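**Student:** Right, I'll just put the structure down here and ask away after.
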Amino acid sequence: MIDIGRVFATSWAMFRQRFWLLLGMFAVFFAIQIVGSFVLGIVMALMGAAGAVGIGAGLDDPAALTGMSIVFFLVMILFYGAYAVLALVQQAAMVTIASPLEEPSFGTAMVRGFKSVLPFIVISLILGAGYLALGAAVFAVAGVAGLGGGTAGGIVGIVLILLFMPVIIYLACRFSVLIGVVAVDQVFNPIAAIRRSWAVTEGRVLGIFLATLVFVVLSLVIIGLPFLLIFGSLLGSDGDPGAAAVGAILLGFLVFVPLMVLYAMFAAAYGAALHSELTGGGAERLEEVFA
């Protein structure tokens with residue numbers, strides 16, 4: 001069992017002590033995402049212009065149009081793939097900065113983040129294949145049970161599908177510190193990282209689940225307030241929003257954006273604190289955090 005109170009105390013301490021480093025790292029990756037989106041917009045505009053010129057010139061060959069569609073599809077896949085990889089790099093860098101097991105260093109965290117790219121891709125493929133296989137097996141059994149017909153078969157199928165969710169939650173808890181294992185512990189071998197995450201979470205699933213549940217509930221409460229403000233104003237306007245409703249909506253957006261930034265920063269601190277707790281940070285290693 002882990003010390004849930006210490007996990008959140010450490011999260012808050014790291015969030016406060018390394019606030020500007022975390023904010024700076026978030027800003028760097030946000031700028032990279034903006035530039036990437038701008039470049040994608042230019043590429044899409046050029047491809048659209050080329051397609052319009054081709055159609056205007058009578059180049060309506062189905063093969064050419066199909067080829068253009070395929071290129072467009074591949075560009076979109078590459079963009080969103082790069083975006084997902086960049087998100088993993090950002091999270092790895094921010095967890096490294098927020099870790100009480102590391103001396104705060106912007107450059108080191110950035111390097112660790114980019115070094116984690118290949119391991120994260122391989123780990124994602126391995127775990128994704130495992131989840132798909134598990135899901136396929138569960139739904140196959142549920143389908144076979146349903147073939148029997150009748151109420152009993154339907155009930156068995158529903159129960160099997162419902163039991164699939166606790167399994168997913170259990171596995172999520174067992175692999176909850178993979179980012180810290182790769183970026184902070186520098187275990188860049190994907191198989192070794194998976195095995196280490198499995199080892200350090202052994203016997204601590206309930207504690208991880210409870211701590212993460214508290215984190216999720218707090219996140220929903222804090223981030224959900226702007227949404228309630230926005231949609232409450234819209235629902236109360238009866239289709240004719242007045243000045244008060246418009247002001248409330250603008251205020252909701254102005255509050256929501258900074259909250260999302262702070263949430264990303266605290267989420268990294270929470271991930272770092274959970275990793276520290278599970279891998280031996282303990283009271284002795286954390287004394288200087290609370291000094």
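Ligands are numbered from 1 in the order shown, chains are lettered A, B, ... in the order of the structure tokens, and residues start at 1 in each chain.
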Give me, as number ranges by chain, all polymer residues having an atom no more than 7 Å from segment 169-175 of chain A, counting only C-alpha atoms and skipping those fewer than 6 positions away in the same chain.

**Tutor:** A: 197-198, 201, 205, 208-209

**Student:** Within segment 183-227 of chain A, find each residue whose DSSP state, derived from the backbone, is alpha helix (DSSP H), and express the selection as a PyMOL selection string.

**Tutor:** chain A and resi 183+190-200+205-227

**Student:** Could you tell me how far atom CA of Ile161 of chain A sits from atom CA of Met1 of chain A, in Å to one decimal place?

**Tutor:**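 These atoms are spaced 28.8 Å apart.
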
**Student:** List the neighbours of Gly207 of chain A out to 9 Å using only C-alpha atoms; skip same-chain residues closer than 2 positions along the sequence, and give me the result as a list in words.

**Tutor:**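 Returned residues: Met1, Ile2, Asp3, Ile4, Gly203, Arg204, Val205, Phe209, Leu210, Ala211 and Thr212 of chain A.
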
**Student:** Between A:Val89, A:Leu22, A:Ile168, A:Leu134, which one has atoms that come closest to Pro104 of chain A, using only C-alpha atoms?

**Tutor:**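 Closest candidate: A:Leu22.
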